[in-house]
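Colleague: Just my_file_34.txt, nothing more (compact mmCIF, C-alpha atoms):
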```
# COMPACT_ATOMS: atom_id res chain seq x y z
CA MET X 1 -52.45 -58.41 -71.65
CA SER X 2 -54.03 -61.21 -73.68
CA PHE X 3 -52.36 -62.43 -76.87
CA PRO X 4 -55.20 -61.18 -79.17
CA LEU X 5 -54.97 -57.72 -77.59
CA PHE X 6 -51.17 -57.75 -77.99
CA VAL X 7 -51.59 -58.56 -81.70
CA THR X 8 -54.12 -55.74 -82.06
CA LEU X 9 -51.81 -53.14 -80.50
CA PHE X 10 -48.82 -54.41 -82.48
CA VAL X 11 -50.67 -54.13 -85.83
CA PHE X 12 -51.99 -50.68 -84.95
CA LEU X 13 -48.55 -49.37 -83.96
CA LEU X 14 -46.98 -50.92 -87.05
CA ILE X 15 -49.45 -49.17 -89.34
CA PHE X 16 -48.94 -45.90 -87.45
CA VAL X 17 -45.16 -46.14 -87.87
CA LEU X 18 -45.60 -46.90 -91.58
CA ARG X 19 -47.72 -43.72 -91.88
CA MET X 20 -50.70 -45.52 -93.36
CA PRO X 21 -54.23 -44.06 -92.90
CA ILE X 22 -55.17 -44.40 -89.23
CA ALA X 23 -58.75 -45.48 -89.97
CA LEU X 24 -57.51 -48.41 -92.07
CA GLY X 25 -55.06 -49.25 -89.32
CA MET X 26 -57.85 -49.38 -86.78
CA LEU X 27 -59.91 -51.64 -89.04
CA ALA X 28 -56.94 -53.91 -89.78
CA SER X 29 -55.95 -54.26 -86.12
CA ALA X 30 -59.59 -54.96 -85.16
CA ALA X 31 -59.86 -57.63 -87.88
CA CYS X 32 -56.64 -59.25 -86.59
CA TYR X 33 -58.08 -59.32 -83.07
CA LEU X 34 -61.27 -61.04 -84.19
CA LEU X 35 -59.35 -63.56 -86.31
CA VAL X 36 -56.92 -64.45 -83.52
CA LYS X 37 -59.79 -64.56 -81.02
CA GLY X 38 -61.72 -66.84 -83.35
CA ALA X 39 -64.71 -64.49 -83.31
CA ASP X 40 -67.19 -64.00 -86.12
CA LEU X 41 -66.18 -61.11 -88.41
CA SER X 42 -69.85 -60.24 -88.83
CA LEU X 43 -69.50 -58.65 -85.37
CA VAL X 44 -67.75 -55.78 -87.15
CA VAL X 45 -70.76 -55.05 -89.32
CA ASN X 46 -73.15 -55.48 -86.41
CA GLN X 47 -71.19 -53.15 -84.14
CA VAL X 48 -70.86 -50.39 -86.76
CA MET X 49 -74.49 -50.56 -87.84
CA ASN X 50 -75.73 -50.43 -84.25
CA THR X 51 -73.67 -47.29 -83.71
CA TYR X 52 -75.00 -45.48 -86.76
CA TYR X 53 -78.63 -46.60 -86.56
CA THR X 54 -79.15 -45.96 -82.86
CA ASN X 55 -77.40 -42.58 -82.54
CA TYR X 56 -79.40 -39.58 -83.69
CA VAL X 57 -76.78 -37.05 -82.55
CA ILE X 58 -74.16 -38.27 -85.01
CA ILE X 59 -76.27 -37.07 -87.96
CA ALA X 60 -75.29 -33.52 -86.95
CA VAL X 61 -71.68 -34.14 -88.01
CA PRO X 62 -72.22 -34.33 -91.81
CA LEU X 63 -74.69 -31.43 -91.60
CA PHE X 64 -72.14 -29.14 -89.92
CA ILE X 65 -69.46 -30.28 -92.38
CA PHE X 66 -71.78 -29.27 -95.25
CA THR X 67 -72.42 -25.89 -93.61
CA ALA X 68 -68.67 -25.25 -93.26
CA ASN X 69 -68.03 -26.10 -96.91
CA VAL X 70 -70.86 -23.84 -98.11
CA MET X 71 -69.58 -20.96 -95.99
CA ASN X 72 -66.08 -21.39 -97.40
CA SER X 73 -67.21 -21.54 -101.02
CA GLY X 74 -68.88 -18.15 -101.31
CA LYS X 75 -68.20 -14.57 -100.30
CA VAL X 76 -69.01 -15.27 -96.67
CA THR X 77 -65.39 -15.38 -95.51
CA ASP X 78 -64.63 -12.08 -97.24
CA MET X 79 -67.66 -10.41 -95.63
CA ILE X 80 -66.64 -11.62 -92.17
CA PHE X 81 -63.08 -10.40 -92.69
CA ARG X 82 -64.26 -6.91 -93.69
CA PHE X 83 -66.69 -6.71 -90.79
CA ALA X 84 -63.99 -7.72 -88.29
CA GLY X 85 -61.67 -5.11 -89.84
CA GLY X 86 -64.22 -2.42 -89.06
CA LEU X 87 -64.22 -3.45 -85.39
CA THR X 88 -60.47 -2.96 -84.89
CA GLY X 89 -60.11 0.53 -86.31
CA ARG X 90 -56.74 2.26 -85.97
CA MET X 91 -55.12 0.03 -83.35
CA ARG X 92 -51.59 -1.20 -84.01
CA GLY X 93 -51.43 -4.70 -85.42
CA ALA X 94 -55.08 -4.35 -86.48
CA LEU X 95 -54.96 -7.12 -89.07
CA GLY X 96 -53.64 -9.53 -86.45
CA GLN X 97 -56.60 -8.62 -84.26
CA VAL X 98 -58.94 -9.01 -87.23
CA ASN X 99 -57.53 -12.50 -87.68
CA VAL X 100 -58.61 -13.51 -84.17
CA ILE X 101 -61.99 -11.75 -84.21
CA ALA X 102 -62.90 -13.16 -87.63
CA SER X 103 -62.04 -16.68 -86.44
CA LEU X 104 -64.31 -16.25 -83.41
CA ILE X 105 -67.18 -15.12 -85.64
CA PHE X 106 -66.55 -17.84 -88.24
CA SER X 107 -66.42 -20.49 -85.52
CA GLY X 108 -70.08 -19.78 -84.80
CA MET X 109 -70.92 -20.99 -88.30
CA THR X 110 -68.75 -24.04 -88.96
CA GLY X 111 -67.27 -25.60 -85.81
CA SER X 112 -64.20 -26.69 -87.75
CA ALA X 113 -60.60 -25.54 -87.26
CA ILE X 114 -59.60 -26.92 -90.66
CA ALA X 115 -62.36 -24.96 -92.43
CA ASP X 116 -61.30 -21.78 -90.65
CA ALA X 117 -57.61 -22.14 -91.51
CA ALA X 118 -58.14 -23.25 -95.11
CA GLY X 119 -60.89 -20.78 -96.04
CA LEU X 120 -60.79 -17.63 -93.93
CA GLY X 121 -57.08 -18.17 -93.20
CA LYS X 122 -56.13 -17.76 -96.84
CA ILE X 123 -57.65 -14.27 -96.93
CA GLU X 124 -56.17 -13.33 -93.55
CA ILE X 125 -52.60 -14.43 -94.28
CA GLN X 126 -52.51 -12.74 -97.69
CA ALA X 127 -53.86 -9.46 -96.28
CA MET X 128 -51.32 -9.50 -93.43
CA LYS X 129 -48.41 -10.25 -95.77
CA ASP X 130 -49.47 -7.41 -98.09
CA ASP X 131 -49.56 -5.04 -95.11
CA GLY X 132 -46.00 -5.84 -94.03
CA TYR X 133 -46.50 -8.54 -91.39
CA ASP X 134 -43.97 -11.35 -91.14
CA PRO X 135 -45.35 -14.36 -93.07
CA GLU X 136 -44.38 -16.73 -90.24
CA PHE X 137 -46.28 -14.65 -87.66
CA SER X 138 -49.30 -14.42 -89.99
CA CYS X 139 -49.41 -18.21 -90.36
CA ALA X 140 -48.88 -18.84 -86.64
CA ILE X 141 -51.65 -16.53 -85.44
CA THR X 142 -53.98 -17.94 -88.13
CA ALA X 143 -53.31 -21.49 -86.91
CA ALA X 144 -53.76 -20.48 -83.26
CA SER X 145 -56.99 -18.56 -83.85
CA ALA X 146 -58.44 -21.40 -85.95
CA THR X 147 -58.46 -23.59 -82.83
CA ILE X 148 -61.34 -21.45 -81.51
CA GLY X 149 -63.63 -23.06 -84.11
CA PRO X 150 -64.22 -26.45 -82.44
CA ILE X 151 -64.63 -24.90 -78.98
CA PHE X 152 -67.25 -22.25 -79.73
CA PRO X 153 -70.65 -23.68 -80.79
CA PRO X 154 -71.45 -25.35 -83.09
CA SER X 155 -68.57 -27.82 -82.79
CA ILE X 156 -68.06 -31.09 -84.63
CA PRO X 157 -65.65 -32.55 -81.99
CA LEU X 158 -68.13 -31.70 -79.22
CA VAL X 159 -70.92 -33.49 -81.10
CA ILE X 160 -68.71 -36.59 -81.35
CA TYR X 161 -67.81 -36.34 -77.64
CA ALA X 162 -71.51 -36.10 -76.80
CA MET X 163 -72.03 -39.33 -78.75
CA LEU X 164 -69.20 -41.06 -76.88
CA SER X 165 -70.21 -39.91 -73.40
CA SER X 166 -74.02 -39.62 -73.69
CA THR X 167 -73.72 -35.97 -72.69
CA SER X 168 -76.03 -33.10 -73.66
CA VAL X 169 -74.86 -31.43 -76.88
CA GLY X 170 -76.60 -28.20 -75.87
CA ALA X 171 -74.77 -28.08 -72.52
CA LEU X 172 -71.44 -28.77 -74.21
CA PHE X 173 -72.08 -26.02 -76.77
CA MET X 174 -72.95 -23.48 -74.10
CA GLY X 175 -70.00 -24.58 -71.93
CA GLY X 176 -67.60 -23.88 -74.81
CA MET X 177 -68.56 -20.21 -75.18
CA VAL X 178 -66.53 -18.76 -72.30
CA PRO X 179 -63.30 -20.74 -73.04
CA ALA X 180 -63.54 -19.73 -76.73
CA VAL X 181 -63.97 -16.04 -75.94
CA MET X 182 -61.22 -16.27 -73.31
CA LEU X 183 -58.81 -17.79 -75.83
CA ALA X 184 -59.68 -15.04 -78.34
CA LEU X 185 -58.99 -12.31 -75.74
CA PHE X 186 -55.68 -13.87 -74.68
CA LEU X 187 -54.56 -14.18 -78.31
CA MET X 188 -55.53 -10.55 -78.93
CA ILE X 189 -53.37 -9.47 -75.97
CA TYR X 190 -50.49 -11.49 -77.44
CA VAL X 191 -50.98 -9.89 -80.87
CA ALA X 192 -51.01 -6.41 -79.29
CA LEU X 193 -47.69 -7.09 -77.51
CA VAL X 194 -46.03 -8.47 -80.65
CA ALA X 195 -47.38 -5.63 -82.81
CA LYS X 196 -45.94 -3.04 -80.44
CA LYS X 197 -42.56 -4.80 -80.24
CA ARG X 198 -42.26 -5.30 -84.03
CA ASN X 199 -43.95 -2.02 -84.95
CA TYR X 200 -46.60 -3.63 -87.13
CA PRO X 201 -48.83 -1.13 -89.01
CA ARG X 202 -52.04 0.35 -87.69
CA GLY X 203 -55.37 -0.37 -89.30
CA GLU X 204 -57.16 2.00 -91.62
CA LYS X 205 -59.59 4.50 -90.18
CA ILE X 206 -63.09 3.27 -90.88
CA VAL X 207 -65.86 5.79 -91.46
CA TRP X 208 -69.05 4.86 -89.63
CA LYS X 209 -71.06 4.86 -92.86
CA VAL X 210 -68.59 2.42 -94.42
CA PHE X 211 -68.62 0.20 -91.33
CA LEU X 212 -72.42 0.21 -91.35
CA LEU X 213 -72.31 -0.90 -94.99
CA PHE X 214 -69.87 -3.75 -94.10
CA THR X 215 -72.18 -4.76 -91.23
CA LEU X 216 -75.29 -4.84 -93.41
CA LYS X 217 -73.49 -6.94 -96.04
CA ALA X 218 -72.17 -9.34 -93.41
CA LEU X 219 -75.49 -9.51 -91.51
CA PRO X 220 -76.95 -12.54 -93.36
CA ALA X 221 -73.82 -14.56 -92.48
CA LEU X 222 -73.65 -13.18 -88.93
CA LEU X 223 -77.19 -14.38 -88.26
CA THR X 224 -76.12 -18.03 -88.71
CA PRO X 225 -74.82 -18.66 -85.16
CA ILE X 226 -77.72 -16.68 -83.68
CA ILE X 227 -80.29 -18.84 -85.50
CA LEU X 228 -78.44 -21.98 -84.39
CA LEU X 229 -78.07 -21.09 -80.73
CA VAL X 230 -81.53 -19.57 -80.27
CA GLY X 231 -83.09 -22.61 -81.96
CA ILE X 232 -81.20 -25.07 -79.73
CA TYR X 233 -81.59 -23.29 -76.39
CA THR X 234 -85.25 -22.39 -76.81
CA GLY X 235 -85.98 -26.04 -77.47
CA VAL X 236 -87.40 -25.31 -80.93
CA MET X 237 -84.89 -27.69 -82.52
CA THR X 238 -82.38 -30.34 -81.51
CA PRO X 239 -78.67 -29.86 -82.35
CA THR X 240 -79.12 -32.30 -85.25
CA GLU X 241 -82.09 -30.36 -86.60
CA ALA X 242 -80.11 -27.15 -86.06
CA GLY X 243 -77.34 -28.60 -88.25
CA ALA X 244 -79.88 -29.17 -91.04
CA ILE X 245 -81.31 -25.65 -90.68
CA ALA X 246 -77.77 -24.19 -90.67
CA GLY X 247 -76.88 -26.04 -93.87
CA LEU X 248 -80.05 -24.86 -95.62
CA TYR X 249 -79.62 -21.29 -94.37
CA ALA X 250 -75.94 -21.19 -95.46
CA LEU X 251 -77.01 -22.40 -98.90
CA LEU X 252 -79.72 -19.73 -99.19
CA VAL X 253 -77.30 -17.00 -98.03
CA SER X 254 -74.62 -18.02 -100.54
CA VAL X 255 -77.07 -18.34 -103.45
CA PHE X 256 -79.45 -15.45 -102.89
CA ALA X 257 -77.81 -12.96 -100.49
CA TYR X 258 -74.28 -13.04 -101.95
CA ARG X 259 -74.96 -14.66 -105.36
CA ALA X 260 -71.71 -16.56 -104.90
CA MET X 261 -72.86 -20.08 -105.67
CA GLY X 262 -74.17 -21.67 -108.85
CA TRP X 263 -74.72 -25.29 -109.82
CA LYS X 264 -71.00 -25.81 -110.45
CA GLU X 265 -70.00 -24.48 -107.01
CA LEU X 266 -72.79 -26.46 -105.33
CA PHE X 267 -71.58 -29.64 -107.01
CA GLU X 268 -68.04 -29.01 -105.69
CA VAL X 269 -69.40 -28.37 -102.18
CA VAL X 270 -71.41 -31.60 -102.23
CA LYS X 271 -68.42 -33.55 -103.58
CA THR X 272 -66.10 -32.14 -100.89
CA THR X 273 -68.69 -32.83 -98.20
CA ILE X 274 -69.08 -36.45 -99.30
CA LYS X 275 -65.30 -36.93 -99.12
CA ASP X 276 -65.12 -35.33 -95.66
CA VAL X 277 -68.11 -37.25 -94.33
CA GLY X 278 -66.73 -40.49 -95.77
CA ALA X 279 -63.41 -40.02 -94.00
CA THR X 280 -65.13 -39.12 -90.73
CA SER X 281 -67.57 -42.04 -90.98
CA ILE X 282 -64.78 -44.55 -91.53
CA MET X 283 -62.97 -43.19 -88.47
CA ILE X 284 -66.10 -43.40 -86.28
CA GLY X 285 -66.98 -46.86 -87.62
CA ALA X 286 -63.47 -48.14 -86.97
CA ALA X 287 -63.53 -46.61 -83.49
CA THR X 288 -66.73 -48.48 -82.59
CA ILE X 289 -64.96 -51.79 -83.27
CA ILE X 290 -61.99 -50.70 -81.16
CA SER X 291 -64.48 -49.74 -78.41
CA TYR X 292 -65.96 -53.24 -78.63
CA ILE X 293 -62.48 -54.74 -78.19
CA VAL X 294 -61.72 -52.41 -75.28
CA ALA X 295 -64.96 -53.46 -73.57
CA ARG X 296 -64.44 -57.19 -74.26
CA GLU X 297 -60.88 -57.11 -72.90
CA GLN X 298 -61.94 -54.88 -69.99
CA LEU X 299 -59.12 -52.56 -70.97
CA ALA X 300 -60.88 -49.43 -69.70
CA THR X 301 -61.55 -51.10 -66.35
CA ASN X 302 -57.94 -52.27 -65.97
CA ILE X 303 -56.49 -48.89 -66.92
CA GLY X 304 -58.99 -47.19 -64.63
CA ASN X 305 -58.03 -49.40 -61.70
CA TRP X 306 -54.34 -48.73 -62.37
CA ILE X 307 -54.91 -44.96 -62.42
CA LEU X 308 -57.09 -45.08 -59.31
CA GLY X 309 -54.38 -47.12 -57.59
CA PHE X 310 -51.87 -44.44 -58.55
CA THR X 311 -53.99 -41.46 -57.50
CA SER X 312 -57.47 -40.76 -56.15
CA SER X 313 -57.22 -37.04 -56.91
CA LYS X 314 -59.30 -35.91 -59.86
CA TRP X 315 -56.98 -32.94 -60.38
CA THR X 316 -53.91 -35.18 -60.64
CA PHE X 317 -55.89 -37.32 -63.07
CA MET X 318 -56.70 -34.24 -65.17
CA LEU X 319 -53.02 -33.32 -65.18
CA LEU X 320 -52.10 -36.81 -66.43
CA VAL X 321 -54.81 -36.70 -69.12
CA ASN X 322 -53.67 -33.27 -70.30
CA ILE X 323 -50.03 -34.37 -70.53
CA VAL X 324 -50.91 -37.55 -72.42
CA ILE X 325 -53.18 -35.73 -74.91
CA LEU X 326 -50.57 -33.01 -75.47
CA ILE X 327 -47.93 -35.65 -76.24
CA LEU X 328 -50.29 -37.64 -78.48
CA GLY X 329 -51.31 -34.42 -80.24
CA MET X 330 -47.73 -33.90 -81.39
CA PHE X 331 -47.84 -37.06 -83.46
CA MET X 332 -51.44 -38.20 -83.99
CA ASP X 333 -54.59 -36.88 -85.63
CA THR X 334 -57.14 -35.47 -83.18
CA SER X 335 -59.85 -37.85 -84.46
CA THR X 336 -57.76 -40.84 -83.39
CA ILE X 337 -57.18 -39.37 -79.94
CA GLN X 338 -60.86 -38.60 -79.46
CA LEU X 339 -62.19 -41.91 -80.74
CA VAL X 340 -59.60 -44.25 -79.18
CA PHE X 341 -58.08 -42.62 -76.09
CA VAL X 342 -60.90 -40.45 -74.71
CA PRO X 343 -63.52 -43.29 -74.41
CA ILE X 344 -61.06 -45.20 -72.20
CA MET X 345 -60.70 -42.18 -69.90
CA ILE X 346 -64.42 -41.33 -69.62
CA PRO X 347 -65.26 -44.13 -67.10
CA VAL X 348 -62.29 -43.12 -64.93
CA ALA X 349 -63.38 -39.48 -64.99
CA GLN X 350 -66.88 -40.54 -63.94
CA LYS X 351 -65.54 -42.64 -61.05
CA LEU X 352 -63.53 -39.67 -59.81
CA GLY X 353 -66.64 -37.47 -59.85
CA LEU X 354 -65.62 -35.17 -62.69
CA ASP X 355 -68.39 -33.35 -64.50
CA MET X 356 -68.66 -34.76 -68.03
CA ILE X 357 -69.28 -31.30 -69.54
CA HIS X 358 -66.13 -29.96 -67.93
CA PHE X 359 -64.09 -33.04 -68.85
CA GLY X 360 -65.29 -32.95 -72.45
CA LEU X 361 -64.39 -29.32 -72.95
CA VAL X 362 -60.95 -29.76 -71.40
CA VAL X 363 -60.03 -32.73 -73.60
CA THR X 364 -61.50 -31.06 -76.71
CA PHE X 365 -59.56 -27.85 -76.04
CA ASN X 366 -56.42 -29.92 -75.46
CA MET X 367 -56.88 -31.77 -78.76
CA MET X 368 -57.24 -28.46 -80.60
CA VAL X 369 -53.90 -27.37 -79.14
CA GLY X 370 -52.48 -30.48 -80.80
CA LEU X 371 -53.56 -29.16 -84.21
CA SER X 372 -51.00 -26.37 -83.83
CA THR X 373 -48.28 -28.37 -82.08
CA PRO X 374 -45.07 -29.34 -83.95
CA PRO X 375 -44.00 -31.58 -85.53
CA PHE X 376 -47.26 -32.83 -87.08
CA GLY X 377 -49.81 -30.12 -86.24
CA MET X 378 -52.29 -30.13 -89.14
CA LEU X 379 -52.97 -26.37 -88.97
CA LEU X 380 -49.25 -25.63 -89.34
CA PHE X 381 -49.12 -27.60 -92.58
CA ILE X 382 -52.31 -25.96 -93.89
CA THR X 383 -51.25 -22.37 -93.19
CA SER X 384 -47.75 -23.03 -94.51
CA GLY X 385 -49.14 -24.65 -97.67
CA ILE X 386 -51.73 -22.00 -98.58
CA SER X 387 -49.25 -19.15 -98.06
CA GLY X 388 -46.03 -20.67 -99.40
CA THR X 389 -44.27 -19.93 -96.09
CA PRO X 390 -41.48 -22.31 -95.00
CA LEU X 391 -42.82 -24.71 -92.36
CA LYS X 392 -39.71 -24.32 -90.18
CA GLY X 393 -40.41 -20.62 -89.66
CA VAL X 394 -44.08 -21.23 -88.83
CA MET X 395 -43.12 -23.86 -86.22
CA LYS X 396 -40.73 -21.41 -84.59
CA GLU X 397 -43.33 -18.62 -84.51
CA ILE X 398 -46.10 -20.81 -83.07
CA ILE X 399 -44.28 -21.36 -79.75
CA TRP X 400 -45.67 -18.29 -77.94
CA PRO X 401 -49.25 -18.72 -79.22
CA LEU X 402 -48.99 -22.30 -77.88
CA VAL X 403 -47.97 -20.89 -74.48
CA VAL X 404 -51.07 -18.67 -74.57
CA MET X 405 -53.29 -21.68 -75.39
CA LEU X 406 -51.72 -23.73 -72.59
CA ILE X 407 -52.41 -20.94 -70.08
CA VAL X 408 -56.09 -21.02 -71.07
CA LEU X 409 -56.03 -24.84 -70.85
CA VAL X 410 -54.73 -24.67 -67.26
CA ILE X 411 -57.43 -22.14 -66.34
CA ILE X 412 -60.33 -24.19 -67.70
CA THR X 413 -58.87 -27.40 -66.22
CA TYR X 414 -58.58 -26.18 -62.64
CA ILE X 415 -61.42 -23.65 -62.58
CA PRO X 416 -64.38 -25.78 -63.73
CA GLU X 417 -66.85 -22.89 -63.39
CA VAL X 418 -65.31 -21.32 -66.50
CA THR X 419 -66.95 -24.10 -68.51
CA LEU X 420 -69.94 -24.82 -66.25
CA PHE X 421 -71.19 -21.31 -65.44
CA LEU X 422 -73.34 -20.81 -68.54
CA PRO X 423 -74.84 -24.33 -68.70
CA ARG X 424 -75.80 -24.04 -65.01
CA ALA X 425 -77.27 -20.57 -65.50
CA ALA X 426 -79.35 -21.91 -68.38
CA GLY X 427 -80.51 -24.89 -66.31
CA LEU X 428 -78.90 -27.44 -68.65
CA ILE X 429 -76.99 -29.18 -65.84
```
Please lay out the structure from this file as structure tokens.
Modeller:
Amino acid sequence: MSFPLFVTLFVFLLIFVLRMPIALGMLASAACYLLVKGADLSLVVNQVMNTYYTNYVIIAVPLFIFTANVMNSGKVTDMIFRFAGGLTGRMRGALGQVNVIASLIFSGMTGSAIADAAGLGKIEIQAMKDDGYDPEFSCAITAASATIGPIFPPSIPLVIYAMLSSTSVGALFMGGMVPAVMLALFLMIYVALVAKKRNYPRGEKIVWKVFLLFTLKALPALLTPIILLVGIYTGVMTPTEAGAIAGLYALLVSVFAYRAMGWKELFEVVKTTIKDVGATSIMIGAATIISYIVAREQLATNIGNWILGFTSSKWTFMLLVNIVILILGMFMDTSTIQLVFVPIMIPVAQKLGLDMIHFGLVVTFNMMVGLSTPPFGMLLFITSGISGTPLKGVMKEIIWPLVVMLIVLVIITYIPEVTLFLPRAAGLI
């Protein structure tokens, strides 16, 4: 390890230990590297600008963030919750099942676990608590089901992975469908078992006329993922253009279909979106400089050679990657893992002959598990905060949902066809 690289890692770890913003830590450590190396600091500006000006795919990120914020600001979440409630009927633990189904539907509109947990989750947790469910269980299943969001299309993390790996966004989106539905089914089985053991209440009997009314009211929102996916896979629009159409459609639905958004609400949505996009942009910009350092120091090549010297099995490599991401996910933000660690592993995965669609979905799924993993899982803090439930209880209750997620992770890791079947059938790979 060269001295400039040692300084870079030392500064980054120091800032991480001090709990300072990771993006600023990445920028500071990169600046230290360039100063110690005696390089021109204008390289920072050049590297960041090249990334933003030459990558069309990345424009989809702020557009999907805007769509998520619009969907969360109006009556959309309430409509989805009622529609999902009509699907479960009189089964025991119905509201727990509604929680999972609603998250699967909502994921087709936003692609964000945070948006799901903070918006739809607030309605779900309150309804479950009012119906006699344990608050800790309500928070845990909300956090677990929110992880479906970034796996089912559209997905912000998958768009970023596509940027990092030069992979087809459409193929990644289609590859995420089966794992997302599989996770939803496994979580529903878990909810059914817990509901029977704890004798959670049954759902209300829904009259067909009432359910039809719920469906008609929810229909404008439910059309969002259909418009997105049909537009992308028929070739009518690119994923970036689909993000723009989704944002416009969400705005029209909130304003005209549900009359839930005025100028004041729109201003708040735009303000929140600017904050979210700003934070994401800083992270991506900082990561491009780190990527430049990694390339200049041949860090990816050296790590790749070390791993290939240790094992030539792609399945052992996948096991190592999964373990490392799971450990990192306990302590670090998923954005940092994706933007710093994953780009180093991509060349190794390519050398071992792994399919980049499969690899991307595995690492993305793994990172989403980290959002619900103690001690620093972001979704645990969000669900605990919006419900007033002690964090300790939520962390205890999340253990079994985590086991369910890990089972799905093992399946998609070692049975690649789970992620590749649909893209191959559609001729995308």
Colleague: Hey, which of X:Val363, X:Ile160, X:Ala242, X:Ala287 ends up closest to Val321 (chain X)? Count all atoms listed in the file.
Modeller: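 For Val321 (chain X), the nearest of the given residues is X:Val363.
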Colleague: Dump as a tab-separated table the rows for residues of region 130-167 of chain X within 8 Å of region 177-195 of chain X: closest atom pair and distance in Å with one decimal, all atoms listed in the file counted, ordered by chain and rising residue number.
Modeller:
```
residue	atom	partner	partner_atom	distance
X:Ser145	CA	X:Ala184	CA	7.1
X:Ile148	CA	X:Ala180	CA	5.5
X:Ile151	CA	X:Ala180	CA	5.7
X:Phe152	CA	X:Met177	CA	5.2
X:Pro153	CA	X:Met177	CA	6.9
```
Colleague: Would you pick out the contacts of region 59-70 of chain X at 8 Å or less, using only C-alpha atoms, so that residues sharing its chain but fewer than 2 positions from it are not included, and give the list as a ChimeraX atom specification?
Modeller: /X:55-57,72-74,109-112,115,154,156,159-160,239-241,243-244,246-248,250-251,254,266,269-270,272-273,276-277
Colleague: Excluding Ala113 (chain X) and residues on its chain fewer than 2 positions from it, collect all residues at most 7 Å away from it, counting all atoms listed in the file, and give them as a list in words.
Modeller: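 Counting only the stated atoms, we get Gly111, Ala115, Asp116, Ala117, Ala146, Thr147, Gly149 and Pro150 of chain X.
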Colleague: Using only C-alpha atoms, determine which residues lie at most 10 Å from Glu397 (chain X), disregarding the query and same-chain residues fewer than 6 positions distant; provide the list as a PyMOL selection string.
Modeller: chain X and resi 134-141+391
